[in-house]
Each structure stands twice: as structure tokens, then as C-alpha cells.
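What follows is one structure encoded as C-alpha cells, with my remarks underneath.
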Amino acid sequence: TINDLWDRDIDKKVKRTQDRPLASGVVSPMEAVVFLGSQLGLGLLVLLQLNAQSVMLGVASLGLVCTYPLVKRVSHWPQLVLGLTFNWGVLLGWCSVHGSVPALPVLPLYAAGVCWTLIYDTIYAHQDKADDLEIGIKSTALRFGEDTSRWLTGFAVAMVSGLLVAGHSAGLAWPYYGAVTATAASLAYQICTLDIHNRADCGRQFRHSRHVGLLVFLGLVAGSVVASSDDSNTHNDHNTSLQIHSLVSSKDSRTSSGEKPDISRNVHFLTQKLKDQ
């Protein structure tokens, strides 16, 4: 909403965006401000349910939210600011659960998200580069030009590297790394087949990015579930080993004292524990 309020006059001059509610006059600026107020109010209600650190982190994000629409007027890197803004949820989500934001695994995951945004929003910006150039709006699409594929490849490598570091730091299991591998293949296909001079293809490639997000999400979930299951099995095995050691020690103690051990009872107990595992 903030972006559309800032850009309503610009959107009128861009063919792809001239039918947006504010640009077309379907919604008035005052109506948009009222809607924005309701969004901020609901967001605040959710934010206040979290810990104090998360509340401060959430409030801090408003600076990025408000300044993003202005960056395109003065810099070729609005996509970078958008990435910092969109992926703030990585920091906030972790903080809401753990009460802090450690460097590992949070920052590599956040950096990977920023790089991903740079990829898909640069592709998105190529749709409007002719209009942007005419009206004086800047973007990474105009900054990279014919070197777009090289830049996107660099961002893709950085993204995958960040995902790998984050997964290793968080102790995620093998399904996560399978998903990261599939993500890398998807990004490679996207970059290699992209035609930056074809507006329709840029639109298709931008929409393709949702599959990348789905792969990463599924990998995070599956990797966490399998890792938790492995930890549980390791814990159970450790407990069983301790119990066996205790039985053996008890047997040795009874033998040394002349007491006859109840072997059948011990065998039955161990067999039952192994079945339970």
C-alpha cells in the first residue's frame, strides 16, 4: 500500500501498472491511507503478542518499508532494499521463538533470501525497463543490462551458499540438502533460459520463482522433521545403553556377593526395550 501511494503518479505512465487501483483512480489516496492504517493496526496487534525483542525488531522494519519506494528515484539498487525488507521475517521469526538473533544460522538464511529477491525482482524489473528509462526510474535491470545473467548467476551462487551454511548450522537432515540441490538446478534453468528482451518471458520467469520458494520451504520442513526424528532415536539408543550397562553392573554386583542373578528376567527386560525402540 505504501509503495502504491508513493508510485501512483509513476504507475500511470507505465503500461503494465496503469490499471492499479490508485493509478487508475478506482481507489482514492485517502481510502488507501485508511486501508494502510487498518493494516498497520492489525500488524501491531500481532506484533504485541511476541516478546519485547521481536516487537523492537518489527518496529525497526518500518524504516525499510517506508524508504523502499523512494530508493528507485535515487539509486539503481531498489531491489536490494526490497530484499532487505521482504526477508526481515527471517530475523523476526527466529527472534519470536528464541528471543535473540544469532549470527548462525539466521544471517546466512537472511542473506540467501536477499539474494533470491535480487534475482526475481531484477527479472520482474526487466518488464518495465523501457518505461522506467523514459520516466527516470532506476532499477537493477537497467544497472545490469546485458550483463544480467552474470549478476543473477552470482546472486544464485551466494543464495545457495547461504542456504547450505544455514542448514549446516541448524543441523538439518538430508532432505533439506536435496531441496537445496533442486533449488540450484531450478535457478540455473531460470537464468539460462531467461530472455531479458522479452517482456512476456520475464513475466513467466518471475512467476517461476514461486517454485523456488516452495522447494526451500519443503526442504526446511522435511529437514527439520527428519533431524528431530534422528535426535530422538539417538537419545533413545543412549538411554537403552545406559540401562544395559546398569543391568550388567547389577549382575556383576550380585555375582560378587554370591547372589544368583535372575538371567531370564534380565533377558526379558532387554528384549522388551529393544521392541519398544
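Residue names in the C-alpha cells use chain letters A, B, ... in the order shown, residue numbers from 1 in each chain, and ligand numbers from 1 in the order shown.
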
Residues of stretch 167-227 of chain A at most 12 Å from stretch 109-113 of chain A: nearest atom pair and distance in Å, only C-alpha atoms, as a Markdown table:
```
| residue | atom | partner | partner_atom | distance |
| --- | --- | --- | --- | --- |
| A:Gly167 | CA | A:Leu109 | CA | 8.4 |
| A:His168 | CA | A:Leu109 | CA | 11.0 |
| A:Ser169 | CA | A:Leu109 | CA | 10.2 |
| A:Ala170 | CA | A:Leu109 | CA | 10.4 |
| A:Val180 | CA | A:Ala112 | CA | 11.4 |
| A:Thr183 | CA | A:Ala112 | CA | 11.9 |
| A:Val212 | CA | A:Gly113 | CA | 11.0 |
| A:Gly213 | CA | A:Gly113 | CA | 9.5 |
| A:Val216 | CA | A:Gly113 | CA | 10.3 |
| A:Phe217 | CA | A:Gly113 | CA | 11.8 |
| A:Leu220 | CA | A:Leu109 | CA | 11.0 |
```

Kindly export the residues of the current selection with C-alpha atoms, as a PDB file, in the first residue's frame.
```pdb
ATOM      1  CA  GLY A 167      21.251 -25.705   7.029  1.00  0.00           C
ATOM      2  CA  HIS A 168      24.544 -26.985   8.392  1.00  0.00           C
ATOM      3  CA  SER A 169      24.453 -24.533  11.309  1.00  0.00           C
ATOM      4  CA  ALA A 170      20.881 -25.552  12.176  1.00  0.00           C
ATOM      5  CA  VAL A 180      18.755 -27.013  -1.979  1.00  0.00           C
ATOM      6  CA  THR A 183      16.709 -25.137  -5.936  1.00  0.00           C
ATOM      7  CA  VAL A 212      11.962 -21.949  -5.820  1.00  0.00           C
ATOM      8  CA  GLY A 213      10.345 -20.682  -2.639  1.00  0.00           C
ATOM      9  CA  VAL A 216      13.177 -24.225   0.057  1.00  0.00           C
ATOM     10  CA  PHE A 217      10.130 -24.307   2.337  1.00  0.00           C
ATOM     11  CA  LEU A 220      13.245 -26.720   5.683  1.00  0.00           C
TER      12      LEU A 220
END
```

Exercise for review: Name the residues in contact with stretch 24-33 of chain A at a cut-off of 10 Å, using only C-alpha atoms, excluding same-chain residues fewer than 5 positions from it; report them as an NGL selection string.
Suggested key: :A and (1-2 or 4-6 or 8-9 or 11-12 or 17-19 or 38-39)

Practice item. Please identify all polymer residues within 10 Å of stretch 89-92 of chain A, counting only C-alpha atoms, omitting same-chain residues fewer than 2 positions from it, and present them as a VMD selection string. Key: chain A and resid 47 50 53 to 58 61 84 to 87 94 to 102 106 to 107 109 to 111 113

**Study point:** Picked from stretch 181-213 of chain A by DSSP as helix (DSSP H, G or I), as a PyMOL selection string
**Key:** chain A and resi 181-193+199-213

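Coordinates place atom CA of A:Ser161 at a distance of 15.6 Å from atom CA of A:Leu215.
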
Point to revise | Nearest residue to A:Thr122 from the set A:Cys192, A:Cys66, A:Leu48, A:Cys202 (distances using only C-alpha atoms) | key: A:Cys202
